[in-house]
file model-v5.cif (mmCIF, C-alpha atoms)
data_final
loop_
_atom_site.label_atom_id
_atom_site.label_comp_id
_atom_site.auth_asym_id
_atom_site.auth_seq_id
_atom_site.Cartn_x
_atom_site.Cartn_y
_atom_site.Cartn_z
CA MET A 220 45.99 89.34 68.21
CA PRO A 221 47.01 91.29 71.31
CA VAL A 222 49.44 94.14 70.76
CA SER A 223 52.69 93.85 72.70
CA PRO A 224 53.43 96.85 74.91
CA PRO A 225 56.40 98.97 73.87
CA PRO A 226 59.68 98.00 75.54
CA VAL A 227 60.32 99.76 78.84
CA GLU A 228 63.20 102.19 78.49
CA PRO A 229 65.76 101.72 81.28
CA ALA A 230 66.02 104.40 83.89
CA LEU A 231 68.64 107.13 83.61
CA ALA A 232 71.20 107.88 86.32
CA VAL A 233 72.52 111.41 86.83
CA TYR A 234 76.01 112.14 88.14
CA VAL A 235 76.72 115.69 89.39
CA HIS A 236 80.36 116.65 89.92
CA TRP A 237 81.27 119.26 92.55
CA PRO A 238 84.95 120.02 91.89
CA PHE A 239 86.02 121.75 95.11
CA CYS A 240 87.82 120.51 98.23
CA LEU A 241 89.25 122.16 101.33
CA ALA A 242 92.63 120.59 100.48
CA LYS A 243 94.02 118.20 97.87
CA CYS A 244 94.79 114.76 99.32
CA PRO A 245 98.20 113.43 98.21
CA TYR A 246 96.81 110.09 96.94
CA CYS A 247 93.90 111.57 94.96
CA ASP A 248 93.81 111.92 91.17
CA PHE A 249 90.15 113.00 90.97
CA ASN A 250 89.18 116.28 89.33
CA SER A 251 89.27 118.41 92.49
CA HIS A 252 90.42 121.95 93.15
CA VAL A 253 90.90 124.26 96.12
CA ALA A 254 89.12 127.63 95.88
CA GLU A 255 88.86 130.48 98.40
CA ARG A 256 85.44 131.71 97.27
CA ILE A 257 82.64 129.92 95.42
CA ASP A 258 79.63 131.66 93.89
CA GLN A 259 77.00 129.06 94.73
CA ALA A 260 74.20 130.86 92.85
CA ARG A 261 76.31 130.84 89.68
CA TRP A 262 76.93 127.11 90.07
CA ARG A 263 73.23 126.41 90.59
CA ARG A 264 72.40 128.18 87.34
CA ALA A 265 75.15 126.38 85.42
CA TYR A 266 74.12 122.94 86.66
CA ALA A 267 70.50 123.65 85.74
CA ALA A 268 71.52 124.80 82.26
CA GLU A 269 73.53 121.64 81.57
CA ILE A 270 70.72 119.44 82.90
CA ASP A 271 68.35 121.19 80.48
CA HIS A 272 70.78 120.52 77.62
CA TRP A 273 70.73 116.77 78.24
CA ALA A 274 67.01 116.69 78.90
CA ALA A 275 66.40 118.11 75.42
CA LEU A 276 68.36 115.18 73.95
CA LEU A 277 66.89 112.58 76.33
CA PRO A 278 63.28 113.71 76.77
CA GLY A 279 60.91 111.94 79.10
CA ARG A 280 63.46 109.65 80.73
CA ARG A 281 62.83 108.32 84.22
CA VAL A 282 65.63 109.07 86.71
CA ASP A 283 66.02 106.65 89.60
CA SER A 284 69.40 107.77 90.97
CA VAL A 285 71.27 111.04 91.38
CA PHE A 286 74.82 111.03 92.75
CA PHE A 287 76.67 114.14 93.96
CA GLY A 288 80.39 113.30 93.71
CA GLY A 289 83.59 115.26 93.83
CA GLY A 290 85.62 116.89 95.09
CA THR A 291 83.75 117.36 98.32
CA PRO A 292 80.02 117.80 97.64
CA SER A 293 79.33 118.39 101.34
CA LEU A 294 80.90 121.83 100.73
CA MET A 295 77.86 122.64 98.60
CA ALA A 296 75.20 124.80 100.17
CA PRO A 297 72.06 122.73 100.81
CA ALA A 298 70.24 125.28 98.63
CA THR A 299 72.55 124.35 95.74
CA VAL A 300 71.76 120.66 96.19
CA ALA A 301 68.04 121.47 96.31
CA GLY A 302 68.36 123.59 93.16
CA VAL A 303 70.03 120.76 91.25
CA LEU A 304 67.39 118.25 92.33
CA ASP A 305 64.63 120.69 91.36
CA ALA A 306 66.25 121.02 87.92
CA VAL A 307 66.43 117.23 87.53
CA ALA A 308 62.78 116.86 88.55
CA ALA A 309 61.73 119.57 86.09
CA ALA A 310 63.77 118.11 83.24
CA TRP A 311 62.95 114.42 83.64
CA ARG A 312 60.66 112.12 85.63
CA LEU A 313 62.42 111.86 88.99
CA ASP A 314 61.24 108.64 90.59
CA ALA A 315 59.62 109.16 93.99
CA ALA A 316 61.81 106.35 95.35
CA ALA A 317 65.00 107.52 93.62
CA GLU A 318 68.31 107.02 95.39
CA ILE A 319 69.84 110.48 96.00
CA THR A 320 73.44 110.15 97.25
CA LEU A 321 75.85 112.84 98.37
CA GLU A 322 79.52 112.29 99.19
CA ALA A 323 80.59 113.99 102.41
CA ASN A 324 83.69 114.56 104.47
CA PRO A 325 83.30 114.01 108.22
CA THR A 326 84.44 117.36 109.59
CA SER A 327 82.19 118.69 112.31
CA VAL A 328 81.10 121.67 110.19
CA GLU A 329 79.99 119.46 107.29
CA ALA A 330 78.29 116.93 109.57
CA ALA A 331 76.17 119.77 110.93
CA ARG A 332 74.94 120.34 107.37
CA PHE A 333 73.53 116.82 107.06
CA ARG A 334 70.04 117.87 108.10
CA GLY A 335 70.07 120.59 105.45
CA PHE A 336 71.01 118.07 102.79
CA ARG A 337 68.25 115.74 103.97
CA ALA A 338 65.72 118.57 103.69
CA ALA A 339 67.03 119.28 100.17
CA GLY A 340 66.16 115.73 99.10
CA VAL A 341 69.30 113.67 99.77
CA ASN A 342 68.36 110.26 101.21
CA ARG A 343 71.77 108.53 101.19
CA VAL A 344 75.16 109.85 102.23
CA SER A 345 78.60 108.37 101.53
CA VAL A 346 81.16 109.54 104.09
CA GLY A 347 84.86 109.67 103.20
CA VAL A 348 86.30 108.39 106.47
CA GLN A 349 89.36 106.67 104.85
CA ALA A 350 90.91 105.64 108.20
CA LEU A 351 89.99 105.26 111.86
CA ASP A 352 93.48 106.16 113.04
CA ASP A 353 94.67 109.75 113.52
CA ALA A 354 98.25 109.12 112.39
CA ALA A 355 97.02 107.40 109.23
CA LEU A 356 94.59 110.24 108.54
CA ALA A 357 97.42 112.76 108.81
CA GLY A 358 99.52 110.67 106.43
CA LEU A 359 96.64 110.62 103.94
CA GLY A 360 96.31 114.40 104.13
CA ARG A 361 92.82 114.25 105.59
CA GLN A 362 91.35 117.25 107.41
CA HIS A 363 89.43 115.35 110.11
CA SER A 364 90.21 113.18 113.11
CA ALA A 365 89.00 109.66 113.81
CA ALA A 366 86.74 111.01 116.56
CA GLU A 367 85.14 113.47 114.12
CA ALA A 368 84.58 110.62 111.69
CA VAL A 369 82.81 108.52 114.30
CA ASP A 370 80.65 111.50 115.31
CA ALA A 371 79.75 112.20 111.67
CA LEU A 372 78.71 108.58 111.15
CA GLY A 373 76.43 108.85 114.17
CA VAL A 374 74.76 111.92 112.68
CA ALA A 375 74.45 110.19 109.29
CA ALA A 376 72.77 107.18 110.89
CA ARG A 377 70.22 109.43 112.61
CA VAL A 378 69.48 111.72 109.66
CA PHE A 379 69.51 109.47 106.58
CA GLU A 380 67.66 106.31 105.71
CA ARG A 381 70.88 104.90 104.23
CA PHE A 382 74.53 105.71 104.70
CA SER A 383 77.89 104.29 103.70
CA PHE A 384 81.49 105.14 104.41
CA ASP A 385 84.87 104.56 102.77
CA LEU A 386 88.10 103.19 104.20
CA ILE A 387 91.49 102.77 102.54
CA TYR A 388 93.67 99.81 103.50
CA ALA A 389 97.14 98.51 102.61
CA ARG A 390 98.40 101.90 103.67
CA PRO A 391 102.11 102.63 104.27
CA GLY A 392 103.22 100.80 107.39
CA GLN A 393 99.92 99.01 107.92
CA THR A 394 100.03 95.35 108.97
CA PRO A 395 97.33 92.73 108.40
CA ALA A 396 96.70 92.60 112.15
CA ALA A 397 96.26 96.36 112.38
CA TRP A 398 93.87 96.34 109.44
CA ALA A 399 91.84 93.50 110.94
CA ALA A 400 91.39 95.49 114.15
CA GLU A 401 90.42 98.64 112.24
CA LEU A 402 87.99 96.67 110.10
CA ASP A 403 86.32 95.19 113.17
CA ARG A 404 85.76 98.71 114.47
CA ALA A 405 84.42 99.82 111.09
CA LEU A 406 81.94 96.95 110.95
CA ALA A 407 80.62 97.94 114.36
CA LEU A 408 79.92 101.43 112.98
CA ALA A 409 78.57 100.37 109.58
CA GLY A 410 75.02 100.63 108.36
CA GLY A 411 74.03 98.64 105.30
CA HIS A 412 76.96 99.52 103.05
CA LEU A 413 80.74 99.82 103.29
CA SER A 414 83.36 100.68 100.65
CA LEU A 415 86.85 99.29 101.33
CA TYR A 416 89.54 100.29 98.84
CA GLN A 417 93.07 99.00 98.62
CA LEU A 418 95.43 101.96 98.28
CA THR A 419 96.64 102.42 94.73
CA ILE A 420 99.38 104.79 93.64
CA GLU A 421 97.98 107.04 90.92
CA ALA A 422 100.25 108.75 88.40
CA GLY A 423 100.59 112.49 88.86
CA THR A 424 99.87 112.49 92.60
CA PRO A 425 102.32 113.40 95.40
CA PHE A 426 102.10 109.78 96.57
CA HIS A 427 103.27 108.67 93.13
CA ALA A 428 106.33 110.92 93.28
CA ALA A 429 107.16 109.76 96.81
CA TYR A 430 106.72 106.11 95.82
CA ARG A 431 109.03 106.44 92.82
CA GLN A 432 111.66 108.13 95.00
CA GLY A 433 111.47 105.40 97.64
CA ARG A 434 110.06 107.74 100.29
CA LEU A 435 106.77 105.84 100.49
CA GLN A 436 106.57 102.09 100.89
CA LEU A 437 103.45 99.95 100.77
CA PRO A 438 102.91 96.56 102.41
CA ASP A 439 104.32 93.77 100.25
CA GLU A 440 102.10 91.74 97.91
CA GLU A 441 101.68 88.90 100.39
CA ALA A 442 100.47 91.27 103.11
CA GLN A 443 98.12 93.04 100.67
CA ALA A 444 96.62 89.70 99.63
CA GLU A 445 96.17 88.73 103.27
CA MET A 446 94.36 92.01 103.95
CA TYR A 447 92.09 91.52 100.94
CA GLU A 448 91.16 87.98 101.95
CA ALA A 449 90.56 89.02 105.56
CA THR A 450 88.33 91.84 104.31
CA GLN A 451 86.16 89.46 102.29
CA ALA A 452 85.83 87.02 105.20
CA ALA A 453 85.07 89.64 107.86
CA THR A 454 82.48 91.53 105.83
CA ALA A 455 80.72 88.33 104.77
CA ALA A 456 80.58 87.16 108.38
CA ALA A 457 79.10 90.53 109.37
CA GLY A 458 76.32 90.22 106.75
CA LEU A 459 77.88 92.71 104.29
CA PRO A 460 79.33 90.47 101.58
CA ALA A 461 81.16 91.96 98.60
CA TYR A 462 78.86 92.62 95.66
CA GLU A 463 81.73 94.37 93.84
CA ILE A 464 85.48 94.14 94.39
CA SER A 465 85.60 97.04 96.86
CA ASN A 466 81.95 97.41 97.86
CA HIS A 467 80.07 95.46 100.50
CA ALA A 468 76.40 95.60 101.41
CA ARG A 469 73.53 93.84 103.01
CA PRO A 470 71.28 92.35 100.30
CA GLY A 471 69.14 95.18 98.93
CA ALA A 472 71.43 97.93 100.27
CA GLU A 473 73.78 98.05 97.27
CA CYS A 474 74.50 101.46 95.76
CA ARG A 475 71.99 101.59 92.91
CA HIS A 476 73.80 104.42 91.16
CA ASN A 477 77.14 102.62 90.95
CA LEU A 478 75.40 99.47 89.73
CA VAL A 479 74.38 101.49 86.66
CA TYR A 480 78.09 101.99 85.86
CA TRP A 481 79.04 98.38 86.43
CA ARG A 482 76.05 97.01 84.51
CA GLY A 483 76.62 99.28 81.50
CA GLY A 484 73.54 101.47 81.96
CA ASP A 485 72.89 105.04 80.85
CA TYR A 486 74.10 107.94 82.95
CA ALA A 487 74.39 111.66 82.28
CA GLY A 488 77.45 113.47 83.61
CA ILE A 489 76.84 117.01 84.87
CA GLY A 490 79.62 119.37 85.96
CA PRO A 491 83.37 119.84 85.37
CA GLY A 492 85.14 116.70 84.22
CA ALA A 493 81.98 114.59 84.48
CA HIS A 494 81.76 111.61 82.15
CA GLY A 495 78.59 110.11 80.70
CA ARG A 496 77.52 107.03 78.78
CA LEU A 497 74.25 107.54 76.94
CA THR A 498 72.14 105.81 74.32
CA LEU A 499 71.08 108.41 71.75
CA ALA A 500 69.16 107.40 68.62
CA GLY A 501 70.02 103.78 69.36
CA ARG A 502 73.76 104.43 69.53
CA ARG A 503 76.04 104.37 72.57
CA ARG A 504 77.88 107.65 73.17
CA ALA A 505 80.69 108.62 75.52
CA THR A 506 80.76 112.18 76.83
CA ALA A 507 83.21 114.16 78.95
CA ALA A 508 83.04 117.75 80.17
CA HIS A 509 85.80 120.34 80.49
CA ARG A 510 87.78 119.64 83.67
CA ARG A 511 88.72 123.12 84.84
CA PRO A 512 85.84 124.73 86.78
CA GLU A 513 86.13 128.17 85.18
CA ARG A 514 86.43 126.69 81.69
CA TRP A 515 83.33 124.57 82.29
CA LEU A 516 81.36 127.55 83.63
CA GLN A 517 82.36 129.63 80.61
CA ALA A 518 81.35 126.90 78.18
CA VAL A 519 77.95 126.46 79.85
CA ALA A 520 77.33 130.21 79.75
CA GLU A 521 78.18 130.29 76.03
CA THR A 522 76.60 127.07 74.76
CA GLY A 523 74.37 125.65 77.51
CA HIS A 524 76.72 122.74 78.18
CA GLY A 525 80.32 122.09 79.20
CA LEU A 526 81.08 119.26 76.77
CA ALA A 527 84.68 118.78 75.74
CA GLU A 528 84.21 115.32 74.17
CA ASP A 529 81.25 113.51 72.63
CA ALA A 530 81.94 110.40 70.57
CA GLU A 531 80.15 107.28 69.47
CA VAL A 532 81.36 104.17 71.29
CA ALA A 533 82.48 101.49 68.82
CA PRO A 534 80.98 98.01 69.39
CA GLU A 535 84.41 96.63 70.27
CA THR A 536 84.92 99.35 72.89
CA ALA A 537 81.42 98.78 74.28
CA ALA A 538 82.14 95.05 74.62
CA ARG A 539 85.42 95.74 76.40
CA GLU A 540 83.80 98.23 78.77
CA LEU A 541 81.00 95.84 79.68
CA LEU A 542 83.49 93.10 80.52
CA MET A 543 85.89 95.37 82.39
CA MET A 544 83.12 96.88 84.50
CA GLY A 545 80.78 93.91 84.82
CA LEU A 546 83.42 91.42 85.94
CA ARG A 547 84.02 93.61 88.97
CA LEU A 548 80.61 92.48 90.21
CA ARG A 549 80.02 89.20 92.01
CA GLU A 550 77.02 88.66 89.70
CA GLY A 551 79.25 89.16 86.67
CA VAL A 552 78.08 90.24 83.23
CA SER A 553 74.69 89.46 81.78
CA LEU A 554 75.12 88.73 78.09
CA GLU A 555 71.69 90.29 77.60
CA SER A 556 73.25 93.65 78.48
CA PHE A 557 75.22 93.58 75.23
CA ASP A 558 73.48 95.09 72.24
CA THR A 559 73.67 93.33 68.88
CA GLY A 560 76.82 95.13 67.82
CA ALA A 561 78.59 94.48 71.11
CA VAL A 562 77.66 90.78 71.01
CA ALA A 563 79.13 90.51 67.54
CA ALA A 564 82.25 92.30 68.77
CA LEU A 565 82.82 89.90 71.66
CA GLY A 566 84.52 87.42 69.40
CA THR A 567 87.01 90.04 68.31
CA VAL A 568 87.91 91.36 71.76
CA VAL A 569 87.97 88.15 73.81
CA ASP A 570 90.89 85.73 73.56
CA THR A 571 88.87 82.50 73.39
CA ALA A 572 91.84 80.30 74.30
CA ALA A 573 92.51 82.47 77.36
CA LEU A 574 88.81 82.31 78.25
CA GLU A 575 88.86 78.51 78.34
CA THR A 576 92.08 78.53 80.36
CA LEU A 577 90.61 80.97 82.90
CA LEU A 578 87.45 78.87 83.19
CA GLU A 579 89.48 75.70 83.75
CA ALA A 580 91.62 77.49 86.36
CA GLY A 581 88.54 78.46 88.35
CA LEU A 582 89.08 82.20 87.84
CA LEU A 583 85.99 82.62 85.65
CA THR A 584 82.64 80.87 85.66
CA ARG A 585 79.97 80.75 82.98
CA PRO A 586 76.47 80.23 84.40
CA PRO A 587 73.64 80.34 81.82
CA GLY A 588 73.55 83.71 80.07
CA ARG A 589 76.35 85.17 82.20
CA LEU A 590 80.09 85.40 82.62
CA ALA A 591 81.48 86.05 86.10
CA ALA A 592 84.80 86.14 87.89
CA THR A 593 85.05 83.84 90.87
CA ALA A 594 86.25 85.14 94.25
CA ALA A 595 89.78 84.08 93.27
CA GLY A 596 89.38 85.77 89.89
CA ARG A 597 88.22 89.06 91.36
CA GLN A 598 91.30 89.16 93.56
CA VAL A 599 93.51 89.22 90.44
CA LEU A 600 91.05 90.95 88.12
CA ASN A 601 93.51 93.27 86.39
CA ALA A 602 95.71 90.36 85.35
CA LEU A 603 92.66 88.29 84.43
CA LEU A 604 91.31 91.04 82.16
CA ALA A 605 94.70 91.50 80.51
CA ARG A 606 94.66 87.82 79.55
CA LEU A 607 90.99 87.71 78.58
CA LEU A 608 91.18 90.82 76.41
CA GLY A 609 94.57 90.06 74.94
CA GLY A 610 96.21 92.98 76.75
#
call {"tool": "encode", "arguments": {"input": "model-v5.cif", "output": "structure tokens"}}
result
Amino acid sequence: MPVSPPPVEPALAVYVHWPFCLAKCPYCDFNSHVAERIDQARWRRAYAAEIDHWAALLPGRRVDSVFFGGGTPSLMAPATVAGVLDAVAAAWRLDAAAEITLEANPTSVEAARFRGFRAAGVNRVSVGVQALDDAALAGLGRQHSAAEAVDALGVAARVFERFSFDLIYARPGQTPAAWAAELDRALALAGGHLSLYQLTIEAGTPFHAAYRQGRLQLPDEEAQAEMYEATQAATAAAGLPAYEISNHARPGAECRHNLVYWRGGDYAGIGPGAHGRLTLAGRRRATAAHRRPERWLQAVAETGHGLAEDAEVAPETAARELLMMGLRLREGVSLESFDTGAVAALGTVVDTAALETLLEAGLLTRPPGRLAATAAGRQVLNALLARLLGG
């Protein structure tokens, strides 16, 4: 009788958090900090040490995506990026075709660094354009102009095999007509991928305080819905349909790293405030690092890692996470992605009566082996999830 080959272990994704920015944007609640001086050599050593810590717990894993997020990773020295990638390659099996993404801001100084990042091993860049209008950029607290953004995208297209950029819509004072015109311009500049986020007001940000005090007003719900629907139609017509609520790509150009998050895969979080989801000894674990840069550096120097939290994920929590993340995708959730415990937990976390109602209403669909939100369902996903999960 032939012996079955051992199951293929899924690839590991690695997220590296660079916590520094030139300035803090008023809408941003990410773990970012402004610092006058940064000891890049010290950061290279700390990143390498934390990578080694996880490699000892996850030996021999194949890595097929590395994502430098922030903060503003384009403030990293190319030598720091190269050092991190060398550490990843030494610790694990870095796939020769791995997707290596770096988030960048489109100031002229950082755009000039693109060739250095490419030489360091980055093969995909995600540019934080956010708006193609100078007044809107000033209102968002951005440090670049629309012209600088367009120039940076031109450099990205010449230097990298793949590039993407972000825009924020439903901004204060923005009309559906103005957004449609801006989106047309963006599509003319786009490569294979575009991220289009509806502005949300995050607690603890200056925008949140201004919103609560009535000093900042967003377009009404009808206008926001019109902008969302126009976005889906325009991107699909341009050959970049939505594969996730806010992300659009030509088939095959999707961000492989982010798909790991949405599909419930394993990823190691490196750096201050970085989160991870890992399968260790057959159990799903959630990790989080210290948020403050100096605290994280101190912890790594003392223990070899910056972990602040490390806990087993209960089956019920795993089931909820898979649904909350997977239903963001057009493909939906594969029920095969649930382990035995999570499958058993589905019945306890899903409101079955609400599920049938949502299916009948055309907000969810249930193709064989999957559960997916329809286009109408994705537009109201937060409310849909609240009903489905009994929130």
call {"tool": "resolve_selection", "arguments": {"input": "model-v5.cif", "expression": "the PyMOL selection byres ((chain A and resi 371) around 8)", "output": "PyMOL selection string"}}
result
chain A and resi 325-327+330+367-370+372-375
call {"tool": "resolve_selection", "arguments": {"input": "model-v5.cif", "expression": "the PyMOL selection byres ((chain A and resi 404) around 12)", "output": "ChimeraX atom specification"}}
result
/A:350-352,365,369,386,397-403,405-409,453-454,457
call {"tool": "atom_distance", "arguments": {"input": "model-v5.cif", "atom1": "CA of Val348 (chain A)", "atom2": "CA of Leu415 (chain A)"}}
result
10.5 Å
call {"tool": "closest_residue", "arguments": {"input": "model-v5.cif", "among": "A:Phe239, A:Tyr486, A:Tyr246, A:Trp515", "to": "Ala429 (chain A)", "atoms": "all atoms listed in the file"}}
result
A:Tyr246
call {"tool": "resolve_selection", "arguments": {"input": "model-v5.cif", "expression": "the PyMOL selection byres ((chain A and resi 545-548) around 12)", "output": "VMD selection string"}}
result
chain A and resid 460 to 467 473 477 to 484 537 to 544 549 to 554 556 to 557 582 to 585 589 to 601 603 to 604 607
call {"tool": "atom_distance", "arguments": {"input": "model-v5.cif", "atom1": "CA of Gly523 (chain A)", "atom2": "CA of Pro229 (chain A)"}}
result
25.7 Å
call {"tool": "closest_residue", "arguments": {"input": "model-v5.cif", "among": "A:Arg312, A:Glu318, A:Val378, A:Cys244", "to": "Gly358 (chain A)", "atoms": "all atoms listed in the file"}}
result
A:Cys244
call {"tool": "residues_around", "arguments": {"input": "model-v5.cif", "residues": "Phe333 (chain A)", "least_positions_apart": "5", "cutoff": "10 Å", "atoms": "all atoms listed in the file", "output": "PyMOL selection string"}}
result
chain A and resi 293+297+321+323+328+338-339+341+344+371+374-375+377-379
call {"tool": "closest_residue", "arguments": {"input": "model-v5.cif", "among": "A:Ala254, A:Ala455, A:Ala605, A:Leu437", "to": "Val568 (chain A)", "atoms": "only C-alpha atoms"}}
result
A:Ala605
call {"tool": "residues_around", "arguments": {"input": "model-v5.cif", "residues": "Val346 (chain A)", "least_positions_apart": "6", "cutoff": "7 Å", "atoms": "all atoms listed in the file", "output": "number ranges by chain"}}
result
A: 322-325, 383-385
call {"tool": "closest_residue", "arguments": {"input": "model-v5.cif", "among": "A:Arg361, A:His252, A:Lys243, A:Arg475", "to": "Thr320 (chain A)", "atoms": "all atoms listed in the file"}}
result
A:Arg475
call {"tool": "atom_distance", "arguments": {"input": "model-v5.cif", "atom1": "CA of Gly411 (chain A)", "atom2": "CA of Gln451 (chain A)"}}
result
15.5 Å
call {"tool": "closest_residue", "arguments": {"input": "model-v5.cif", "among": "A:Thr522, A:Ser364, A:Ser251, A:Thr394", "to": "Ala449 (chain A)", "atoms": "all atoms listed in the file"}}
result
A:Thr394
call {"tool": "closest_residue", "arguments": {"input": "model-v5.cif", "among": "A:Ala572, A:Ile257, A:Ile420, A:Ala442", "to": "Trp237 (chain A)", "atoms": "all atoms listed in the file"}}
result
A:Ile257
call {"tool": "residues_around", "arguments": {"input": "model-v5.cif", "residues": "Leu294 (chain A)", "least_positions_apart": "3", "cutoff": "8 Å", "atoms": "all atoms listed in the file", "output": "PDB file with C-alpha atoms, keeping the file's coordinate frame"}}
result
ATOM      1  CA  PHE A 239      86.020 121.750  95.110  1.00  0.00           C
ATOM      2  CA  CYS A 240      87.820 120.510  98.230  1.00  0.00           C
ATOM      3  CA  THR A 291      83.750 117.360  98.320  1.00  0.00           C
ATOM      4  CA  GLU A 329      79.990 119.460 107.290  1.00  0.00           C
TER       5      GLU A 329
END
call {"tool": "residues_around", "arguments": {"input": "model-v5.cif", "residues": "Ala230 (chain A)", "least_positions_apart": "6", "cutoff": "8 Å", "atoms": "only C-alpha atoms", "output": "PDB file with C-alpha atoms, in the coordinates of the input"}}
result
ATOM      1  CA  ARG A 280      63.460 109.650  80.730  1.00  0.00           C
ATOM      2  CA  ARG A 281      62.830 108.320  84.220  1.00  0.00           C
ATOM      3  CA  VAL A 282      65.630 109.070  86.710  1.00  0.00           C
ATOM      4  CA  ASP A 283      66.020 106.650  89.600  1.00  0.00           C
ATOM      5  CA  ASP A 485      72.890 105.040  80.850  1.00  0.00           C
TER       6      ASP A 485
END
call {"tool": "residues_around", "arguments": {"input": "model-v5.cif", "residues": "Ala527 (chain A)", "least_positions_apart": "3", "cutoff": "12 Å", "atoms": "only C-alpha atoms", "output": "mmCIF file with C-alpha atoms, in the coordinates of the input"}}
result
data_model
loop_
_atom_site.group_PDB
_atom_site.id
_atom_site.type_symbol
_atom_site.label_atom_id
_atom_site.label_comp_id
_atom_site.auth_asym_id
_atom_site.auth_seq_id
_atom_site.Cartn_x
_atom_site.Cartn_y
_atom_site.Cartn_z
ATOM 1 C CA GLY A 488 77.450 113.470 83.610
ATOM 2 C CA GLY A 490 79.620 119.370 85.960
ATOM 3 C CA PRO A 491 83.370 119.840 85.370
ATOM 4 C CA GLY A 492 85.140 116.700 84.220
ATOM 5 C CA ALA A 493 81.980 114.590 84.480
ATOM 6 C CA HIS A 494 81.760 111.610 82.150
ATOM 7 C CA GLY A 495 78.590 110.110 80.700
ATOM 8 C CA ALA A 505 80.690 108.620 75.520
ATOM 9 C CA THR A 506 80.760 112.180 76.830
ATOM 10 C CA ALA A 507 83.210 114.160 78.950
ATOM 11 C CA ALA A 508 83.040 117.750 80.170
ATOM 12 C CA HIS A 509 85.800 120.340 80.490
ATOM 13 C CA ARG A 510 87.780 119.640 83.670
ATOM 14 C CA ARG A 511 88.720 123.120 84.840
ATOM 15 C CA ARG A 514 86.430 126.690 81.690
ATOM 16 C CA TRP A 515 83.330 124.570 82.290
ATOM 17 C CA ALA A 518 81.350 126.900 78.180
ATOM 18 C CA VAL A 519 77.950 126.460 79.850
ATOM 19 C CA THR A 522 76.600 127.070 74.760
ATOM 20 C CA HIS A 524 76.720 122.740 78.180
ATOM 21 C CA ALA A 530 81.940 110.400 70.570
#
